[in-house]
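Listing of coords16.cif, mmCIF, C-alpha atoms and all ligand atoms
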```cif
data_structure
loop_
_atom_site.label_atom_id
_atom_site.label_comp_id
_atom_site.auth_asym_id
_atom_site.auth_seq_id
_atom_site.Cartn_x
_atom_site.Cartn_y
_atom_site.Cartn_z
CA MET A 30 -98.02 -123.50 -27.06
CA ASP A 31 -97.66 -127.17 -26.07
CA PRO A 32 -95.12 -127.23 -23.20
CA ALA A 33 -93.94 -130.76 -24.09
CA ALA A 34 -93.71 -130.32 -27.88
CA PRO A 35 -93.23 -126.65 -28.83
CA ASP A 36 -94.01 -125.67 -32.43
CA PRO A 37 -90.62 -125.45 -34.25
CA ALA A 38 -91.79 -122.50 -36.37
CA VAL A 39 -92.66 -120.44 -33.28
CA ILE A 40 -89.38 -121.39 -31.59
CA ALA A 41 -87.43 -120.38 -34.70
CA ARG A 42 -89.14 -116.99 -34.72
CA ALA A 43 -88.43 -116.51 -31.00
CA GLY A 44 -84.79 -117.50 -31.46
CA ALA A 45 -84.45 -114.92 -34.22
CA VAL A 46 -85.90 -112.21 -31.96
CA LEU A 47 -83.23 -113.02 -29.34
CA ALA A 48 -80.44 -113.21 -31.92
CA ARG A 49 -81.21 -109.70 -33.17
CA GLY A 50 -81.22 -108.20 -29.65
CA GLY A 51 -84.91 -108.48 -28.75
CA LEU A 52 -86.62 -109.64 -25.54
CA VAL A 53 -88.53 -112.94 -25.33
CA ALA A 54 -90.45 -114.00 -22.23
CA PHE A 55 -90.50 -117.79 -21.88
CA PRO A 56 -91.49 -120.52 -19.43
CA THR A 57 -89.01 -122.51 -17.36
CA GLU A 58 -89.76 -125.23 -14.79
CA THR A 59 -89.53 -122.60 -12.02
CA VAL A 60 -91.04 -119.29 -13.19
CA TYR A 61 -91.27 -117.36 -16.48
CA GLY A 62 -88.05 -115.61 -17.53
CA LEU A 63 -87.40 -112.43 -19.50
CA GLY A 64 -84.75 -113.52 -22.00
CA ALA A 65 -82.09 -111.62 -23.95
CA ASN A 66 -78.84 -112.51 -25.72
CA ALA A 67 -76.46 -112.72 -22.75
CA LEU A 68 -73.48 -111.73 -24.92
CA ASP A 69 -75.09 -108.52 -26.25
CA PRO A 70 -74.67 -105.55 -23.86
CA ALA A 71 -77.50 -103.56 -25.51
CA ALA A 72 -79.94 -106.47 -25.16
CA VAL A 73 -78.90 -106.95 -21.53
CA ALA A 74 -79.52 -103.24 -20.89
CA ARG A 75 -83.06 -103.63 -22.30
CA VAL A 76 -83.77 -106.36 -19.72
CA PHE A 77 -82.85 -104.07 -16.83
CA ALA A 78 -84.94 -101.23 -18.32
CA ALA A 79 -88.02 -103.41 -18.99
CA LYS A 80 -88.08 -104.72 -15.41
CA GLY A 81 -87.09 -101.47 -13.73
CA ARG A 82 -84.32 -103.57 -12.19
CA PRO A 83 -81.50 -101.94 -10.21
CA ALA A 84 -78.22 -102.13 -12.17
CA ASP A 85 -76.43 -103.78 -9.23
CA ASN A 86 -78.63 -106.91 -9.33
CA PRO A 87 -77.00 -109.49 -11.66
CA LEU A 88 -78.84 -111.78 -14.11
CA ILE A 89 -78.79 -115.57 -14.50
CA VAL A 90 -77.38 -116.86 -17.81
CA HIS A 91 -79.22 -119.87 -19.25
CA VAL A 92 -77.55 -122.56 -21.35
CA ALA A 93 -79.01 -125.60 -23.15
CA THR A 94 -75.97 -127.92 -23.12
CA LEU A 95 -72.97 -128.56 -20.85
CA GLU A 96 -70.70 -127.75 -23.81
CA GLU A 97 -71.83 -124.11 -23.65
CA LEU A 98 -70.63 -123.70 -20.08
CA PRO A 99 -66.99 -122.77 -20.86
CA ARG A 100 -68.34 -120.02 -23.13
CA VAL A 101 -69.80 -118.15 -20.14
CA ALA A 102 -67.73 -119.40 -17.18
CA GLY A 103 -63.99 -118.73 -17.02
CA GLU A 104 -63.42 -121.85 -14.97
CA VAL A 105 -65.58 -124.85 -14.04
CA PRO A 106 -64.25 -126.45 -10.85
CA PRO A 107 -64.85 -130.22 -10.34
CA LEU A 108 -67.46 -129.41 -7.68
CA ALA A 109 -69.50 -127.45 -10.27
CA GLN A 110 -69.16 -130.23 -12.81
CA ARG A 111 -70.49 -132.74 -10.33
CA LEU A 112 -73.47 -130.59 -9.42
CA ALA A 113 -74.26 -129.79 -13.06
CA ARG A 114 -74.18 -133.48 -13.97
CA ARG A 115 -76.51 -134.32 -11.08
CA PHE A 116 -79.02 -131.44 -11.24
CA TRP A 117 -79.04 -130.11 -14.83
CA PRO A 118 -81.32 -129.54 -16.52
CA GLY A 119 -83.01 -128.33 -13.35
CA PRO A 120 -83.59 -125.55 -10.82
CA LEU A 121 -79.97 -125.10 -9.65
CA THR A 122 -78.01 -121.95 -10.53
CA LEU A 123 -74.23 -122.11 -10.12
CA VAL A 124 -72.17 -118.97 -9.44
CA LEU A 125 -68.84 -119.34 -11.28
CA PRO A 126 -65.97 -117.10 -12.43
CA ARG A 127 -67.27 -114.96 -15.34
CA ALA A 128 -65.81 -115.49 -18.83
CA ALA A 129 -64.72 -112.37 -20.74
CA ALA A 130 -67.45 -112.99 -23.38
CA VAL A 131 -70.19 -112.18 -20.85
CA PRO A 132 -70.62 -108.41 -20.57
CA ALA A 133 -69.94 -107.06 -17.08
CA ALA A 134 -73.41 -105.47 -17.00
CA ALA A 135 -75.10 -108.91 -17.11
CA SER A 136 -73.32 -109.70 -13.84
CA ALA A 137 -73.74 -106.20 -12.41
CA GLY A 138 -69.98 -105.73 -12.63
CA LEU A 139 -69.16 -108.82 -10.54
CA ALA A 140 -66.24 -111.09 -11.47
CA THR A 141 -68.65 -114.02 -11.29
CA VAL A 142 -71.58 -115.18 -13.41
CA ALA A 143 -74.67 -117.17 -12.40
CA VAL A 144 -75.49 -120.02 -14.83
CA ARG A 145 -78.21 -122.63 -15.10
CA MET A 146 -79.76 -125.09 -17.55
CA PRO A 147 -83.57 -124.92 -17.27
CA ASP A 148 -85.63 -128.14 -17.31
CA HIS A 149 -88.31 -127.10 -19.78
CA PRO A 150 -88.62 -128.14 -23.45
CA VAL A 151 -89.64 -124.62 -24.52
CA ALA A 152 -86.71 -122.95 -22.73
CA LEU A 153 -84.18 -125.47 -24.05
CA ALA A 154 -85.50 -125.24 -27.63
CA LEU A 155 -85.43 -121.44 -27.43
CA ILE A 156 -81.79 -121.32 -26.26
CA HIS A 157 -80.82 -123.75 -29.05
CA ALA A 158 -82.64 -121.64 -31.64
CA ALA A 159 -81.05 -118.40 -30.41
CA GLY A 160 -77.59 -119.96 -30.76
CA VAL A 161 -76.36 -117.90 -27.78
CA PRO A 162 -76.61 -118.16 -23.99
CA VAL A 163 -79.74 -116.41 -22.74
CA ALA A 164 -79.70 -113.99 -19.79
CA ALA A 165 -83.05 -114.14 -18.03
CA PRO A 166 -84.30 -112.77 -14.74
CA SER A 167 -87.80 -113.64 -13.60
CA ALA A 168 -90.22 -111.85 -15.96
CA ASN A 169 -91.91 -109.66 -13.33
CA ARG A 170 -91.64 -105.95 -12.78
CA SER A 171 -88.86 -105.48 -10.22
CA GLY A 172 -90.16 -106.05 -6.66
CA ARG A 173 -93.35 -107.88 -7.69
CA PRO A 174 -94.07 -111.59 -7.15
CA SER A 175 -92.42 -113.76 -9.83
CA PRO A 176 -94.65 -114.85 -12.75
CA THR A 177 -95.83 -118.46 -12.78
CA CYS A 178 -98.05 -118.05 -15.85
CA ALA A 179 -98.01 -115.95 -19.01
CA GLY A 180 -100.82 -113.71 -17.73
CA HIS A 181 -98.57 -112.48 -14.90
CA VAL A 182 -95.90 -111.52 -17.44
CA ALA A 183 -98.38 -109.61 -19.60
CA GLU A 184 -99.75 -107.85 -16.50
CA ASP A 185 -96.28 -106.68 -15.40
CA LEU A 186 -94.33 -106.11 -18.61
CA GLY A 187 -96.91 -105.70 -21.40
CA ASP A 188 -95.39 -104.13 -24.51
CA ALA A 189 -91.83 -104.05 -23.09
CA VAL A 190 -91.56 -107.67 -24.30
CA ASP A 191 -91.15 -108.38 -28.03
CA LEU A 192 -92.57 -111.89 -27.77
CA LEU A 193 -94.23 -113.89 -24.96
CA LEU A 194 -94.24 -117.69 -25.22
CA ASP A 195 -97.28 -119.01 -23.32
CA ALA A 196 -96.95 -122.69 -22.34
CA GLY A 197 -99.25 -122.61 -19.34
CA PRO A 198 -98.38 -122.55 -15.63
CA THR A 199 -94.88 -123.47 -14.48
CA ARG A 200 -94.27 -126.73 -12.62
CA ILE A 201 -92.25 -125.72 -9.54
CA GLY A 202 -93.40 -122.17 -8.87
CA VAL A 203 -90.40 -120.79 -6.95
CA GLU A 204 -87.13 -119.78 -8.60
CA SER A 205 -83.93 -121.80 -8.83
CA THR A 206 -81.55 -122.39 -5.94
CA VAL A 207 -78.49 -120.09 -6.24
CA LEU A 208 -75.27 -121.77 -5.11
CA ASP A 209 -71.83 -120.12 -5.13
CA VAL A 210 -69.31 -122.80 -6.11
CA THR A 211 -66.30 -120.50 -6.42
CA GLU A 212 -65.38 -121.76 -2.95
CA ASP A 213 -65.60 -125.05 -1.04
CA PRO A 214 -67.81 -125.53 0.98
CA ALA A 215 -70.28 -124.11 -1.53
CA VAL A 216 -72.45 -121.20 -0.33
CA LEU A 217 -76.25 -121.33 -0.65
CA LEU A 218 -77.24 -117.76 -1.57
CA ARG A 219 -80.93 -118.31 -2.41
CA PRO A 220 -83.00 -121.38 -1.51
CA GLY A 221 -85.08 -122.61 -4.47
CA GLY A 222 -86.26 -125.56 -6.53
CA VAL A 223 -83.34 -127.84 -5.59
CA THR A 224 -83.64 -128.34 -1.84
CA LEU A 225 -80.86 -128.03 0.74
CA GLU A 226 -81.46 -131.68 1.60
CA GLU A 227 -80.82 -132.68 -2.03
CA LEU A 228 -77.61 -130.63 -2.14
CA GLU A 229 -76.40 -132.19 1.10
CA GLU A 230 -77.02 -135.66 -0.31
CA VAL A 231 -74.42 -134.90 -2.98
CA LEU A 232 -72.01 -132.64 -1.07
CA GLY A 233 -72.34 -134.04 2.45
CA PRO A 234 -73.76 -132.11 5.43
CA GLY A 235 -70.61 -129.94 5.68
CA GLY A 236 -70.49 -129.35 1.93
CA VAL A 237 -72.99 -126.48 1.91
CA ARG A 238 -72.86 -123.31 3.96
CA VAL A 239 -76.16 -121.42 4.15
CA TRP A 240 -75.59 -117.70 3.71
CA PRO A 241 -77.47 -115.95 6.57
CA GLU A 242 -79.58 -113.81 4.22
CA ALA A 243 -80.78 -116.96 2.45
CA GLY A 244 -82.73 -118.03 5.51
CA ALA A 245 -83.82 -114.83 7.14
CA GLY A 246 -84.58 -112.57 4.24
CA THR A 247 -83.75 -109.60 6.45
CA PRO A 248 -81.15 -107.60 4.56
CA GLU A 249 -77.78 -107.09 6.21
CA SER A 250 -76.01 -103.80 5.80
CA GLY A 251 -72.93 -103.58 3.64
CA PRO A 252 -72.22 -105.17 0.27
CA ALA A 253 -74.59 -108.04 -0.48
CA ARG A 254 -73.20 -111.46 -1.30
CA SER A 255 -76.24 -112.22 -3.41
CA PRO A 256 -77.22 -108.75 -4.55
CA GLY A 257 -80.82 -109.73 -5.35
CA MET A 258 -81.45 -110.68 -1.72
CA LYS A 259 -81.13 -107.15 -0.39
CA TYR A 260 -84.17 -105.78 -2.20
CA VAL A 261 -87.75 -105.82 -0.99
CA HIS A 262 -89.25 -108.46 -3.17
CA TYR A 263 -92.30 -110.46 -4.08
CA ALA A 264 -94.30 -107.80 -2.33
CA PRO A 265 -97.94 -107.16 -3.15
CA ALA A 266 -99.25 -103.60 -2.65
CA ALA A 267 -101.10 -104.60 0.55
CA PRO A 268 -99.01 -105.12 3.70
CA VAL A 269 -98.24 -108.79 4.36
CA TYR A 270 -98.12 -110.21 7.90
CA LEU A 271 -96.39 -113.57 8.23
CA TYR A 272 -97.48 -115.68 11.24
CA THR A 273 -94.93 -118.23 12.48
CA GLY A 274 -94.76 -120.59 15.45
CA GLU A 275 -96.58 -123.65 16.66
CA ARG A 276 -99.54 -124.44 14.39
CA ALA A 277 -102.32 -124.16 16.99
CA ALA A 278 -100.92 -120.84 18.26
CA VAL A 279 -100.70 -119.51 14.72
CA ARG A 280 -104.32 -120.48 14.04
CA ALA A 281 -105.48 -118.81 17.25
CA ALA A 282 -103.61 -115.60 16.44
CA LEU A 283 -104.94 -115.55 12.88
CA ALA A 284 -108.49 -116.12 14.12
CA ALA A 285 -108.22 -113.27 16.63
CA THR A 286 -106.85 -110.83 14.03
CA LEU A 287 -109.52 -111.81 11.48
CA HIS A 288 -112.28 -111.30 14.09
CA ASP A 289 -110.90 -107.86 14.95
CA ALA A 290 -110.69 -106.80 11.32
CA ARG A 291 -114.22 -108.01 10.71
CA SER A 292 -115.60 -105.99 13.61
CA ARG A 293 -113.89 -102.90 12.16
CA GLY A 294 -115.33 -103.63 8.71
CA GLU A 295 -111.85 -104.06 7.26
CA ARG A 296 -111.28 -106.39 4.26
CA VAL A 297 -108.47 -108.83 5.04
CA GLY A 298 -107.01 -111.59 2.84
CA LEU A 299 -105.83 -114.93 4.20
CA LEU A 300 -103.18 -117.18 2.64
CA ALA A 301 -102.97 -120.46 4.54
CA THR A 302 -102.70 -124.23 4.29
CA GLU A 303 -105.76 -126.25 3.33
CA ALA A 304 -106.22 -127.52 6.90
CA THR A 305 -106.17 -124.01 8.36
CA LEU A 306 -108.50 -122.65 5.68
CA ALA A 307 -111.04 -125.32 6.58
CA GLU A 308 -111.29 -123.59 9.96
CA LEU A 309 -110.65 -119.94 9.19
CA ALA A 310 -111.68 -119.18 5.60
CA PRO A 311 -115.19 -118.02 6.67
CA LEU A 312 -113.59 -115.29 8.82
CA ALA A 313 -111.56 -113.79 5.95
CA SER A 314 -112.88 -111.53 3.18
CA GLU A 315 -110.71 -113.30 0.61
CA ALA A 316 -108.80 -116.58 0.99
CA GLU A 317 -106.17 -118.43 -1.04
CA SER A 318 -104.74 -121.87 -0.35
CA LEU A 319 -101.14 -122.99 0.13
CA GLY A 320 -102.33 -126.56 -0.31
CA ARG A 321 -101.38 -129.56 1.79
CA GLU A 322 -97.62 -129.88 1.39
CA PRO A 323 -94.55 -127.72 0.62
CA ALA A 324 -94.36 -128.51 -3.13
CA GLU A 325 -97.97 -127.42 -3.49
CA ALA A 326 -97.27 -124.24 -1.50
CA ALA A 327 -94.43 -123.49 -3.93
CA THR A 328 -96.64 -123.80 -7.02
CA ARG A 329 -99.41 -121.68 -5.48
CA LEU A 330 -97.42 -119.00 -3.66
CA PHE A 331 -96.87 -116.23 -6.21
CA ALA A 332 -100.22 -116.58 -8.00
CA SER A 333 -102.00 -116.46 -4.61
CA LEU A 334 -100.22 -113.27 -3.55
CA ARG A 335 -101.13 -111.64 -6.87
CA ALA A 336 -104.74 -112.83 -6.61
CA LEU A 337 -105.22 -111.48 -3.07
CA ASP A 338 -103.63 -108.20 -4.05
CA SER A 339 -105.83 -107.76 -7.11
CA ARG A 340 -108.93 -108.11 -4.92
CA GLY A 341 -107.98 -104.94 -3.08
CA VAL A 342 -107.69 -106.24 0.48
CA ALA A 343 -106.34 -103.87 3.15
CA SER A 344 -103.83 -106.46 4.36
CA ILE A 345 -102.81 -110.06 3.79
CA LEU A 346 -102.31 -112.54 6.65
CA VAL A 347 -100.11 -115.54 5.87
CA GLU A 348 -99.67 -118.81 7.75
CA GLY A 349 -95.99 -119.83 7.79
CA ILE A 350 -95.07 -123.41 6.87
CA ALA A 351 -92.28 -125.77 7.95
CA GLU A 352 -88.89 -124.86 6.48
CA THR A 353 -88.01 -128.32 5.20
CA GLY A 354 -87.73 -129.29 1.53
CA LEU A 355 -89.32 -126.67 -0.72
CA GLY A 356 -90.72 -125.07 2.45
CA PHE A 357 -87.32 -123.37 2.93
CA ALA A 358 -87.65 -121.54 -0.41
CA VAL A 359 -91.33 -120.71 0.23
CA MET A 360 -90.56 -119.20 3.66
CA ASN A 361 -87.62 -117.22 2.23
CA ARG A 362 -90.00 -115.61 -0.31
CA LEU A 363 -92.67 -115.00 2.33
CA ARG A 364 -90.20 -113.35 4.72
CA ARG A 365 -89.06 -111.05 1.95
CA ALA A 366 -92.64 -110.20 0.97
CA ALA A 367 -93.67 -109.61 4.58
CA THR A 368 -94.03 -106.19 6.16
CA ARG A 369 -93.72 -107.86 9.54
CA GLU A 370 -93.30 -111.36 10.99
CA VAL A 371 -95.63 -112.15 13.88
CA ALA A 372 -94.33 -114.81 16.27
CA ALA A 373 -97.46 -116.53 17.58
CA GLY A 374 -97.74 -118.23 20.94
O1 LIG A 401 -85.53 -119.90 -11.55
C1 LIG A 401 -84.86 -118.91 -11.83
O2 LIG A 401 -83.71 -118.75 -11.41
C2 LIG A 401 -85.49 -117.83 -12.72
C3 LIG A 401 -85.72 -118.43 -14.12
C4 LIG A 401 -86.21 -117.43 -15.12
O3 LIG A 401 -84.53 -119.05 -14.54
N1 LIG A 401 -84.66 -116.66 -12.79
C5 LIG A 401 -84.50 -115.82 -11.71
O4 LIG A 401 -83.70 -114.73 -11.96
O5 LIG A 401 -85.02 -116.00 -10.65
P1 LIG A 401 -83.70 -113.43 -11.02
O6 LIG A 401 -82.92 -112.44 -11.81
O7 LIG A 401 -85.06 -113.05 -10.67
O8 LIG A 401 -82.86 -113.84 -9.78
C6 LIG A 401 -81.46 -114.04 -9.90
C7 LIG A 401 -80.84 -114.16 -8.55
C8 LIG A 401 -80.77 -112.82 -7.84
O9 LIG A 401 -81.00 -113.01 -6.46
C9 LIG A 401 -79.33 -112.38 -8.11
O10 LIG A 401 -78.83 -111.48 -7.16
C10 LIG A 401 -78.60 -113.72 -8.07
O11 LIG A 401 -79.49 -114.61 -8.70
N2 LIG A 401 -77.34 -113.66 -8.83
C11 LIG A 401 -77.20 -113.53 -10.17
N3 LIG A 401 -75.89 -113.48 -10.50
C12 LIG A 401 -75.20 -113.58 -9.35
C13 LIG A 401 -73.80 -113.60 -9.04
N4 LIG A 401 -72.88 -113.49 -10.00
N5 LIG A 401 -73.45 -113.74 -7.73
C14 LIG A 401 -74.39 -113.87 -6.77
N6 LIG A 401 -75.72 -113.85 -7.01
C15 LIG A 401 -76.12 -113.71 -8.29
MG MG A 402 -86.60 -112.25 -9.67
#
```

Since I need it in another form, could you write the structure as structure tokens?
Ligand code: TXA
Ligand code: MG
Amino acid sequence: MDPAAPDPAVIARAGAVLARGGLVAFPTETVYGLGANALDPAAVARVFAAKGRPADNPLIVHVATLEELPRVAGEVPPLAQRLARRFWPGPLTLVLPRAAAVPAAASAGLATVAVRMPDHPVALALIHAAGVPVAAPSANRSGRPSPTCAGHVAEDLGDAVDLLLDAGPTRIGVESTVLDVTEDPAVLLRPGGVTLEELEEVLGPGGVRVWPEAGAGTPESGPARSPGMKYVHYAPAAPVYLYTGERAAVRAALAATLHDARSRGERVGLLATEATLAELAPLASEAESLGREPAEAATRLFASLRALDSRGVASILVEGIAETGLGFAVMNRLRRAATREVAAG
């Protein structure tokens, strides 16, 4: 369907599927979501089953207007109101006290609920048509890279979805930023489409605390603050090696590993920036580009991991990028997909 002007008849049908407890996969500006009526415990249970998602990993509830917020959040502190006014609709998810109307299972039993207003005409029209807030995790099978086009959803979820709305590739490519605003300073739980720099512009440099797991991607032991962050994620079947360090050292290390693999007759995939591919692509069996700048890396990341994986390479080598702007979110996903990080130099 047309992403800018969705067909009202199709949207009405999709809204009806949600209203009667069905599952609708739909595009947002970040990635495709797997939607269900957030207020219906049976529909929420179907989402977990369809994804194979652990029951202790809470869902994000999507709303289409600010007026709907009090329906899902028990309290909306001034800080949250400010952020919502600045960044909604957009890729910022706010963690707030959960209203009684939201079933505990949607939030994995937590007293909080994650809420966002997506910046996509299809998503907004769908939520309006459903007449209820829509719980939607990324529409991938649990543990797989998030879907940035409808084909990825079909590949992962197939018949488990009642309806799939195809509006082409998503604009941003990494998921929303998850920010806990139940305390001040706010806590950044997952870097995403709204950058840390943008948040700091509004909240001041001391206004955001970055939760350690948000940067490293290495799970801590004990109860997780952002439950989703403790799971292996975004991982293709082939082992992923993430090379970080000074650019020239990274290129040299990648070149050496690719030469080695070649002499052993091993098929290795390379995911790297355009400039690095210009040098090294001929050494790899399969290559995918992260483009020239962080926003491009974000849009290409998940599709590239899926593409390399589907070509049956024995391993995937990835060139790390700078962790500024959207690069922070990209590196968070890469660290969580990686079997090992190789510090070059
Ligand atoms: O961009 C996005 O956010 C996409 C689109 C579809 O909106 N959705 C998405 O959902 O990425 P999902 O389920 O794949 O990731 C939700 C993340 C998980 O890391 C989860 O642990 C965290 O949000 N989360 C949800 N509710 C939470 C809560 N109450 N407290 C802390 N973290 C929460
Ligand atoms: Mg996900």

May I ask which of the residues A:Pro150, A:Gly103, A:Pro35, A:Pro176 is the closest one to ligand MG 402 (chain A), counting all atoms listed in the file?
A:Pro176

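If all atoms listed in the file are the atoms counted, then among A:Leu309, A:Val359, A:Ala84, A:Ala285 the closest residue to Glu322 (chain A) is A:Val359.
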
Taking all atoms listed in the file into account, which residues have an atom no farther than 8 Å from ligand MG 402 (chain A)? I'd like them as a compact mmCIF listing (two decimals) with C-alpha atoms, in the coordinates of the input.
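Full text of part_36.txt as output:
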```txt
# COMPACT_ATOMS: atom_id res chain seq x y z
CA PRO A 166 -84.30 -112.77 -14.74
CA SER A 167 -87.80 -113.64 -13.60
CA ALA A 168 -90.22 -111.85 -15.96
CA ASN A 169 -91.91 -109.66 -13.33
CA SER A 171 -88.86 -105.48 -10.22
CA GLY A 172 -90.16 -106.05 -6.66
CA PRO A 174 -94.07 -111.59 -7.15
CA SER A 175 -92.42 -113.76 -9.83
CA GLU A 204 -87.13 -119.78 -8.60
CA GLY A 257 -80.82 -109.73 -5.35
CA HIS A 262 -89.25 -108.46 -3.17
```

Determine, for each residue of chain A having at least one atom at most 7 Å from an atom of ligand LIG 401 (chain A), the closest pair of atoms and their separation in Å to one decimal, counting only C-alpha atoms and all ligand atoms; order by chain and ascending number, as CSV.
```
residue,atom,partner,partner_atom,distance
A:Thr57,CA,A:LIG401,C3,6.2
A:Thr59,CA,A:LIG401,O1,4.8
A:Val60,CA,A:LIG401,C3,5.5
A:Tyr61,CA,A:LIG401,C4,5.2
A:Gly62,CA,A:LIG401,C4,3.5
A:Leu63,CA,A:LIG401,C4,6.8
A:Asn86,CA,A:LIG401,O10,5.1
A:Pro87,CA,A:LIG401,N3,4.3
A:Leu88,CA,A:LIG401,C11,4.6
A:Ile89,CA,A:LIG401,C11,5.0
A:Pro120,CA,A:LIG401,O1,6.0
A:Thr122,CA,A:LIG401,O2,6.6
A:Val124,CA,A:LIG401,N4,5.6
A:Ser136,CA,A:LIG401,N4,5.4
A:Leu139,CA,A:LIG401,N4,6.0
A:Thr141,CA,A:LIG401,N4,4.5
A:Val142,CA,A:LIG401,N4,4.0
A:Ala143,CA,A:LIG401,N3,4.3
A:Pro147,CA,A:LIG401,O3,6.5
A:Ala165,CA,A:LIG401,C4,5.4
A:Pro166,CA,A:LIG401,O6,3.3
A:Ser167,CA,A:LIG401,O7,4.1
A:Ala168,CA,A:LIG401,C4,6.9
A:Val203,CA,A:LIG401,O1,6.8
A:Glu204,CA,A:LIG401,O1,3.4
A:Ser205,CA,A:LIG401,O1,3.7
A:Thr206,CA,A:LIG401,O2,6.9
A:Val207,CA,A:LIG401,O11,6.1
A:Asp209,CA,A:LIG401,C14,7.0
A:Leu218,CA,A:LIG401,N6,6.9
A:Arg219,CA,A:LIG401,O9,6.7
A:Arg254,CA,A:LIG401,C14,6.1
A:Ser255,CA,A:LIG401,N6,4.0
A:Pro256,CA,A:LIG401,O10,4.1
A:Gly257,CA,A:LIG401,O10,3.2
A:Met258,CA,A:LIG401,O9,5.3
```

Between CA of Arg296 (chain A) and CA of Val269 (chain A), what is the distance in Å, rounded to a tenth?
13.3 Å

Would you mind listing what lies within 6 Å of region 131-133 of chain A as a VMD selection string, with only C-alpha atoms counted and same-chain residues fewer than 3 positions away left out?
chain A and resid 68 70 128 136 138

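For the set A:Val342, A:Met360, A:Val163, A:Ala284, the residue with the smallest atom-to-atom gap to Ala243 (chain A) is A:Met360, counting only C-alpha atoms.
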
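Nearest to Ala41 (chain A) of all the residues A:Pro265, A:Pro311, A:Pro198, A:Gly160 is A:Gly160, counting all atoms listed in the file.
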
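We find CA of Ala129 (chain A) and CA of Leu98 (chain A) to be spaced 12.8 Å apart.
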
State, in Å with one decimal place, the distance from CA of Ala351 (chain A) to CA of Glu325 (chain A).
12.9 Å

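Distances to Gly274 (chain A) were evaluated for A:Gly349, A:Gly119, A:Pro162, A:Gly356 using only C-alpha atoms, and the minimum falls at A:Gly349.
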
Which neighbours of Ala358 (chain A) fall inside 9 Å, counting all atoms listed in the file, when residues of the same chain fewer than 3 positions from it are skipped, and could you give them as a list in words?
Val203, Glu204, Thr206, Arg219, Pro220, Gly221, Gly222, Thr224, Ala243, Gly244, Ala327, Glu352, Thr353, Gly354, Leu355, Asn361, Arg362 and Leu363 of chain A

As lines of an AutoDock Vina configuration file: centre and edge lengths in Å, one decimal, of the axis-aligned box holding region 345-349 of chain A with 4 Å per side:
```
center_x = -99.4
center_y = -114.9
center_z = 5.8
size_x = 14.8
size_y = 17.8
size_z = 12.0
```

Got a sec: who's within 6 Å of Ile345 (chain A), counting all atoms listed in the file, leaving out chain neighbours fewer than 5 positions off, as a ChimeraX atom specification?
/A:269,297-299

For Val347 (chain A), please output as an MDAnalysis selection string all residues within 12 Å (counting only C-alpha atoms; exclusion window: fewer than 5 positions along the same chain).
chainID A and resid 268:273 279:280 282:284 286:287 297:302 305:306 309 313 316:319 326 330 333:334 337 359:360 362:364 366:372

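The nearest approach to Arg173 (chain A) among the residues A:Ala48, A:Ala34, A:Trp117, A:Gly81, with only C-alpha atoms taken into account, belongs to A:Gly81.
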
Generate the coordinates of N, CA, C and O atoms for region 191-198 of chain A; report them as a CSV table (one decimal), keeping the file's coordinate frame.
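This went into out17.csv:
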```
chain,number,residue,atom,x,y,z
A,191,ASP,N,-90.9,-108.2,-26.6
A,191,ASP,CA,-91.2,-108.4,-28.0
A,191,ASP,C,-92.0,-109.6,-28.3
A,191,ASP,O,-92.8,-109.6,-29.3
A,192,LEU,N,-91.8,-110.7,-27.5
A,192,LEU,CA,-92.6,-111.9,-27.8
A,192,LEU,C,-92.7,-112.6,-26.4
A,192,LEU,O,-91.8,-112.7,-25.6
A,193,LEU,N,-93.9,-113.1,-26.2
A,193,LEU,CA,-94.2,-113.9,-25.0
A,193,LEU,C,-94.7,-115.3,-25.3
A,193,LEU,O,-95.7,-115.4,-26.0
A,194,LEU,N,-93.9,-116.3,-24.9
A,194,LEU,CA,-94.2,-117.7,-25.2
A,194,LEU,C,-95.1,-118.2,-24.1
A,194,LEU,O,-94.6,-118.4,-23.0
A,195,ASP,N,-96.4,-118.5,-24.3
A,195,ASP,CA,-97.3,-119.0,-23.3
A,195,ASP,C,-97.4,-120.5,-23.4
A,195,ASP,O,-97.9,-121.1,-24.3
A,196,ALA,N,-96.8,-121.2,-22.4
A,196,ALA,CA,-97.0,-122.7,-22.3
A,196,ALA,C,-97.6,-123.1,-21.0
A,196,ALA,O,-97.3,-124.2,-20.5
A,197,GLY,N,-98.5,-122.3,-20.5
A,197,GLY,CA,-99.2,-122.6,-19.3
A,197,GLY,C,-98.5,-122.4,-18.1
A,197,GLY,O,-97.4,-121.8,-18.1
A,198,PRO,N,-99.0,-122.8,-16.9
A,198,PRO,CA,-98.4,-122.6,-15.6
A,198,PRO,C,-97.1,-123.3,-15.5
A,198,PRO,O,-96.9,-124.4,-16.1
```
